[in-house]
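> Just so it is clear, I am handing over input-v6.txt, which has compact mmCIF, C-alpha atoms.
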```
# COMPACT_ATOMS: atom_id res chain seq x y z
CA MET A 1 -22.99 16.33 10.52
CA ARG A 2 -21.23 18.73 12.87
CA PRO A 3 -21.12 17.56 16.52
CA ASP A 4 -20.92 20.10 19.32
CA PRO A 5 -17.21 20.99 19.74
CA ARG A 6 -17.76 20.87 23.50
CA LEU A 7 -18.67 17.19 23.21
CA ILE A 8 -15.53 16.47 21.19
CA GLU A 9 -13.42 18.30 23.78
CA LYS A 10 -14.92 16.37 26.68
CA LEU A 11 -14.70 12.97 24.97
CA PHE A 12 -11.09 13.20 23.88
CA THR A 13 -9.91 14.91 27.05
CA ARG A 14 -11.14 11.85 28.94
CA PHE A 15 -9.62 9.41 26.46
CA GLU A 16 -6.30 11.25 26.77
CA ALA A 17 -6.41 11.22 30.57
CA ASP A 18 -7.08 7.48 30.53
CA LYS A 19 -4.46 6.55 27.91
CA PRO A 20 -2.10 9.45 27.14
CA ASP A 21 0.00 7.54 24.61
CA PRO A 22 -2.06 4.76 22.98
CA LYS A 23 -0.36 2.45 20.49
CA THR A 24 -1.36 -0.27 18.10
CA GLU A 25 -1.68 -3.71 19.66
CA LEU A 26 0.04 -5.25 16.64
CA ASP A 27 3.65 -6.21 17.29
CA PHE A 28 6.18 -4.86 14.79
CA ILE A 29 9.91 -4.18 14.51
CA ASN A 30 10.20 -1.63 11.73
CA PRO A 31 8.05 -0.01 9.02
CA TYR A 32 8.20 -3.15 6.87
CA THR A 33 6.95 -5.47 9.61
CA LEU A 34 4.26 -2.93 10.46
CA VAL A 35 2.98 -3.02 6.87
CA VAL A 36 3.01 -6.82 6.91
CA ALA A 37 1.30 -7.06 10.30
CA VAL A 38 -1.46 -4.62 9.35
CA ALA A 39 -2.01 -6.35 6.01
CA LEU A 40 -2.30 -9.71 7.80
CA SER A 41 -4.77 -8.28 10.33
CA ALA A 42 -7.64 -7.90 7.86
CA GLN A 43 -10.60 -9.91 9.22
CA THR A 44 -8.29 -11.29 11.91
CA THR A 45 -7.69 -10.29 15.52
CA ASP A 46 -4.46 -8.55 16.50
CA LYS A 47 -3.84 -11.33 19.02
CA ALA A 48 -3.96 -13.99 16.30
CA VAL A 49 -1.68 -11.94 14.04
CA ASN A 50 0.88 -11.42 16.82
CA LYS A 51 0.94 -15.14 17.53
CA ALA A 52 1.70 -15.85 13.89
CA THR A 53 4.18 -13.03 13.30
CA LYS A 54 6.37 -13.61 16.35
CA PRO A 55 8.19 -16.60 14.82
CA LEU A 56 7.80 -15.14 11.32
CA PHE A 57 9.54 -11.87 12.13
CA ASP A 58 12.34 -13.77 13.86
CA LEU A 59 13.09 -15.27 10.44
CA ALA A 60 12.07 -12.46 8.11
CA TYR A 61 11.86 -8.83 9.21
CA ASN A 62 12.75 -7.28 5.85
CA PRO A 63 11.53 -7.86 2.28
CA PHE A 64 14.72 -9.66 1.22
CA ASP A 65 14.35 -12.33 3.89
CA MET A 66 10.61 -12.60 3.23
CA VAL A 67 11.09 -13.25 -0.49
CA ALA A 68 13.80 -15.79 0.36
CA LEU A 69 11.38 -17.50 2.75
CA GLY A 70 8.91 -17.93 -0.10
CA GLU A 71 5.17 -18.12 -0.40
CA GLU A 72 4.85 -21.79 0.58
CA LYS A 73 6.76 -21.46 3.85
CA LEU A 74 5.10 -18.15 4.63
CA SER A 75 1.67 -19.71 4.10
CA ALA A 76 2.52 -22.47 6.55
CA MET A 77 3.68 -19.97 9.16
CA ILE A 78 0.50 -17.85 8.98
CA ALA A 79 -1.98 -20.69 8.41
CA SER A 80 -3.68 -19.92 11.72
CA ILE A 81 -5.07 -16.62 10.45
CA GLY A 82 -7.94 -15.98 8.05
CA LEU A 83 -7.35 -15.82 4.29
CA TYR A 84 -3.76 -16.87 4.86
CA ARG A 85 -3.08 -18.09 1.30
CA THR A 86 -4.15 -14.81 -0.28
CA LYS A 87 -2.31 -12.82 2.37
CA ALA A 88 0.88 -14.84 1.88
CA LYS A 89 0.73 -14.25 -1.87
CA ASN A 90 0.28 -10.50 -1.33
CA VAL A 91 3.10 -10.26 1.22
CA ILE A 92 5.55 -11.94 -1.16
CA LYS A 93 4.42 -9.71 -4.05
CA LEU A 94 4.65 -6.49 -2.04
CA SER A 95 8.05 -7.54 -0.70
CA GLN A 96 9.35 -8.07 -4.23
CA ILE A 97 8.01 -4.67 -5.28
CA LEU A 98 9.77 -3.05 -2.32
CA ILE A 99 13.02 -4.69 -3.41
CA ASP A 100 12.65 -3.85 -7.09
CA SER A 101 11.30 -0.30 -6.76
CA TYR A 102 12.41 1.02 -3.37
CA GLY A 103 15.66 -0.72 -2.51
CA GLY A 104 13.94 -2.77 0.16
CA GLN A 105 12.56 0.26 1.99
CA VAL A 106 8.91 1.06 2.68
CA PRO A 107 7.71 4.20 0.85
CA LEU A 108 6.10 6.36 3.49
CA ASN A 109 3.46 8.07 1.39
CA ARG A 110 -0.15 7.09 0.90
CA ASP A 111 -0.25 6.60 -2.86
CA ALA A 112 2.83 4.39 -2.94
CA LEU A 113 1.61 2.29 -0.02
CA MET A 114 -1.84 1.81 -1.52
CA ALA A 115 -0.25 0.61 -4.77
CA LEU A 116 1.22 -2.39 -2.93
CA PRO A 117 -0.70 -5.70 -3.15
CA GLY A 118 -2.94 -6.23 -0.13
CA VAL A 119 -2.51 -2.67 1.12
CA GLY A 120 -5.70 -0.63 0.96
CA ARG A 121 -6.63 2.75 2.34
CA LYS A 122 -7.16 1.46 5.88
CA THR A 123 -3.79 -0.31 6.02
CA ALA A 124 -2.02 2.76 4.64
CA SER A 125 -3.76 4.97 7.20
CA VAL A 126 -2.73 2.73 10.10
CA VAL A 127 0.90 2.63 8.94
CA LEU A 128 1.21 6.38 8.31
CA ASN A 129 -0.51 7.26 11.56
CA GLU A 130 1.44 4.79 13.70
CA LEU A 131 4.75 6.06 12.33
CA ASN A 132 3.70 9.69 12.85
CA ILE A 133 4.04 10.39 9.14
CA GLU A 134 0.47 11.52 8.49
CA PRO A 135 -2.42 11.83 10.94
CA ALA A 136 -5.13 9.41 9.89
CA ILE A 137 -8.13 7.64 11.35
CA ALA A 138 -8.48 4.15 9.93
CA VAL A 139 -12.13 3.21 10.32
CA ASP A 140 -12.69 -0.45 11.16
CA THR A 141 -15.83 -1.96 12.69
CA HIS A 142 -14.88 -0.74 16.18
CA VAL A 143 -14.23 2.86 15.14
CA TYR A 144 -17.37 2.88 13.01
CA ARG A 145 -19.53 1.58 15.87
CA VAL A 146 -18.10 3.81 18.59
CA SER A 147 -18.23 6.99 16.53
CA HIS A 148 -21.90 6.36 15.70
CA ARG A 149 -22.83 5.52 19.30
CA LEU A 150 -21.10 8.60 20.62
CA GLY A 151 -22.86 10.76 18.04
CA ILE A 152 -19.69 12.12 16.44
CA ALA A 153 -20.27 10.52 13.02
CA ASP A 154 -23.33 9.40 11.09
CA ALA A 155 -22.02 8.51 7.63
CA ASN A 156 -22.78 5.09 6.20
CA THR A 157 -19.34 4.07 4.84
CA PRO A 158 -15.92 3.81 6.52
CA ASP A 159 -14.37 6.36 4.15
CA LYS A 160 -17.12 8.90 4.86
CA VAL A 161 -16.86 8.32 8.61
CA GLU A 162 -13.11 8.87 8.34
CA ALA A 163 -13.71 12.18 6.58
CA GLN A 164 -16.19 13.26 9.25
CA LEU A 165 -13.84 12.38 12.10
CA MET A 166 -10.84 14.04 10.46
CA ALA A 167 -12.88 17.22 10.08
CA ILE A 168 -14.01 17.48 13.70
CA ILE A 169 -11.17 16.11 15.85
CA PRO A 170 -8.59 18.78 16.76
CA GLN A 171 -5.06 18.38 15.44
CA LYS A 172 -3.62 17.77 18.91
CA TRP A 173 -5.53 14.46 19.12
CA LEU A 174 -5.55 13.29 15.51
CA THR A 175 -2.65 10.84 15.67
CA ARG A 176 -4.10 9.18 18.78
CA ALA A 177 -7.84 9.31 18.06
CA HIS A 178 -7.81 6.12 16.00
CA HIS A 179 -6.28 4.17 18.88
CA TRP A 180 -8.64 5.58 21.49
CA LEU A 181 -11.72 4.75 19.43
CA ILE A 182 -10.58 1.27 18.42
CA LEU A 183 -9.51 0.32 21.96
CA HIS A 184 -12.75 1.67 23.39
CA GLY A 185 -14.72 -0.40 20.90
CA ARG A 186 -12.60 -3.50 21.43
CA TYR A 187 -12.76 -3.58 25.23
CA THR A 188 -15.64 -1.41 26.45
CA CYS A 189 -18.13 -0.35 23.78
CA VAL A 190 -18.37 -3.86 22.33
CA ALA A 191 -20.97 -4.75 19.73
CA ARG A 192 -23.48 -6.93 21.56
CA LYS A 193 -23.24 -6.04 25.22
CA PRO A 194 -21.44 -2.73 25.73
CA MET A 195 -20.00 -2.43 29.21
CA CYS A 196 -21.53 0.94 29.98
CA GLU A 197 -20.91 0.64 33.71
CA GLN A 198 -17.16 0.64 32.97
CA CYS A 199 -17.28 3.34 30.31
CA ILE A 200 -15.33 6.51 31.03
CA VAL A 201 -17.58 8.54 28.72
CA ALA A 202 -20.94 6.92 29.54
CA ASP A 203 -22.45 10.19 30.77
CA LEU A 204 -21.63 11.78 27.41
CA CYS A 205 -23.04 8.97 25.27
CA PRO A 206 -26.39 9.71 23.58
CA LYS A 207 -26.96 6.11 22.52
CA ILE A 208 -26.57 4.09 25.71
CA SER A 209 -28.00 5.22 29.04
CA VAL A 210 -26.55 4.03 32.33
CA SER A 211 -28.93 3.24 35.13
```
For the file at hand, write its structure as structure tokens.

Amino acid sequence: MRPDPRLIEKLFTRFEADKPDPKTELDFINPYTLVVAVALSAQTTDKAVNKATKPLFDLAYNPFDMVALGEEKLSAMIASIGLYRTKAKNVIKLSQILIDSYGGQVPLNRDALMALPGVGRKTASVVLNELNIEPAIAVDTHVYRVSHRLGIADANTPDKVEAQLMAIIPQKWLTRAHHWLILHGRYTCVARKPMCEQCIVADLCPKISVS
């Protein structure tokens, strides 16, 4: 699939005008807390993660403090989010690996990040993109839905959609495109009842017509 470059230009020019400097809605202090927050956000809303991590990061904002906190106490502190036991186990394991292999620092390359427990391709992409290390478009349900509705992707897996988007979005927008698409899907182009009357790109959308 190769969308009309004029469509891409119009779409992302409007997104940029609306939100020139979009950021993740996950709260974090440093690269380590960003990795933890993104890992905890799987199948969980950013709002729920932020509620859990606010007191957590006050106690443990580096791998040394997290390992000292321990899996049991960590589990109790994040019990409000989905899959919290598995996530707590992974956070403690990845924290220990960071201590043992990287001196407590987060390795800022994709392969090393993806080797950490609980850190997959999407988490690595979010971290690298947010820290301006490597442009990436992490494809979650919002990005997948919006890109299909706007007619700029048609692949049937997140990884393939990511490849399509990375190939067509100009470099000047790559580090921000993920945020624009996810925020648009989260607040405007929602799954069941998209708010087309509020959509800044409604006239460009081939999927939803506005009366």
> Tell me, in Å to one decimal, how far CA of Ser80 (chain A) is from CA of Ile137 (chain A).
27.9 Å
> Find the spatial neighbours of Gly151 (chain A), counting all atoms listed in the file, within a cut-off of 12 Å - ignore same-chain residues fewer than 2 positions away - and output them as a short mmCIF file (atom, residue, chain, number, x, y, z; two decimals) with C-alpha atoms, keeping the file's coordinate frame.

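In the end it all went to result_10.cif:
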```
data_model
loop_
_atom_site.label_atom_id
_atom_site.label_comp_id
_atom_site.auth_asym_id
_atom_site.auth_seq_id
_atom_site.Cartn_x
_atom_site.Cartn_y
_atom_site.Cartn_z
CA MET A 1 -22.99 16.33 10.52
CA ARG A 2 -21.23 18.73 12.87
CA PRO A 3 -21.12 17.56 16.52
CA ASP A 4 -20.92 20.10 19.32
CA PRO A 5 -17.21 20.99 19.74
CA LEU A 7 -18.67 17.19 23.21
CA ILE A 8 -15.53 16.47 21.19
CA LEU A 11 -14.70 12.97 24.97
CA TYR A 144 -17.37 2.88 13.01
CA ARG A 145 -19.53 1.58 15.87
CA VAL A 146 -18.10 3.81 18.59
CA SER A 147 -18.23 6.99 16.53
CA HIS A 148 -21.90 6.36 15.70
CA ARG A 149 -22.83 5.52 19.30
CA ALA A 153 -20.27 10.52 13.02
CA ASP A 154 -23.33 9.40 11.09
CA ALA A 155 -22.02 8.51 7.63
CA VAL A 161 -16.86 8.32 8.61
CA GLN A 164 -16.19 13.26 9.25
CA LEU A 165 -13.84 12.38 12.10
CA ILE A 168 -14.01 17.48 13.70
CA LEU A 204 -21.63 11.78 27.41
CA CYS A 205 -23.04 8.97 25.27
CA PRO A 206 -26.39 9.71 23.58
CA LYS A 207 -26.96 6.11 22.52
CA ILE A 208 -26.57 4.09 25.71
#
```
> CA of Arg14 (chain A) and CA of Lys122 (chain A), how far apart in Å?
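If I compute the distance from CA of Lys122 (chain A) to CA of Arg14 (chain A), I get 25.6 Å.
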> Excluding Tyr84 (chain A) and residues on its chain fewer than 5 positions from it, collect all residues at most 9 Å away from it, counting all atoms listed in the file, and give them as a PyMOL selection string.
chain A and resi 40+74-76+78-79+89
> Place a sphere of radius 12 Å on (12.3, -19.2, 11.6) in the file coordinates and name every protein, DNA or RNA residue with an atom inside or on its surface, counting all atoms listed in the file; give the answer as a PDB file with C-alpha atoms, keeping the file's coordinate frame.

```pdb
ATOM      1  CA  ALA A  52       1.700 -15.850  13.890  1.00  0.00           C
ATOM      2  CA  THR A  53       4.180 -13.030  13.300  1.00  0.00           C
ATOM      3  CA  LYS A  54       6.370 -13.610  16.350  1.00  0.00           C
ATOM      4  CA  PRO A  55       8.190 -16.600  14.820  1.00  0.00           C
ATOM      5  CA  LEU A  56       7.800 -15.140  11.320  1.00  0.00           C
ATOM      6  CA  PHE A  57       9.540 -11.870  12.130  1.00  0.00           C
ATOM      7  CA  ASP A  58      12.340 -13.770  13.860  1.00  0.00           C
ATOM      8  CA  LEU A  59      13.090 -15.270  10.440  1.00  0.00           C
ATOM      9  CA  ALA A  60      12.070 -12.460   8.110  1.00  0.00           C
ATOM     10  CA  TYR A  61      11.860  -8.830   9.210  1.00  0.00           C
ATOM     11  CA  ASP A  65      14.350 -12.330   3.890  1.00  0.00           C
ATOM     12  CA  MET A  66      10.610 -12.600   3.230  1.00  0.00           C
ATOM     13  CA  ALA A  68      13.800 -15.790   0.360  1.00  0.00           C
ATOM     14  CA  LEU A  69      11.380 -17.500   2.750  1.00  0.00           C
ATOM     15  CA  LYS A  73       6.760 -21.460   3.850  1.00  0.00           C
ATOM     16  CA  LEU A  74       5.100 -18.150   4.630  1.00  0.00           C
ATOM     17  CA  ALA A  76       2.520 -22.470   6.550  1.00  0.00           C
ATOM     18  CA  MET A  77       3.680 -19.970   9.160  1.00  0.00           C
TER      19      MET A  77
END
```
> Quick one: pull the distance between CA of Leu94 (chain A) and CA of Tyr32 (chain A), Å, one decimal.
10.2 Å
> Select, from A:Pro20, A:Ile81, A:Lys87, A:Tyr187, the residue with the minimum atom-to-atom distance to Lys172 (chain A), counting only C-alpha atoms.
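Among the listed residues, A:Pro20 lies closest to Lys172 (chain A).
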> Using all atoms listed in the file, which residue out of A:Leu34, A:Ile99, A:Leu174, A:Leu131 lies closest to Val49 (chain A)?
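Checking each candidate against Val49 (chain A), we get A:Leu34 as the closest.
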> Counting only C-alpha atoms, figure out which residue out of A:Ser101, A:Gln171, A:Thr45, A:Ser125 gets nearest to Val139 (chain A).
A:Ser125
> Taking all atoms of region 170-188 of chain A that the file lists and extending 4 Å past them on each side, where is the centre of the axis-aligned box and how long are its edges? Answer in Å to one decimal, as AutoDock Vina command-line options.

```
--center_x -9.1 --center_y 7.6 --center_z 20.9 --size_x 21.0 --size_y 30.4 --size_z 19.0
```
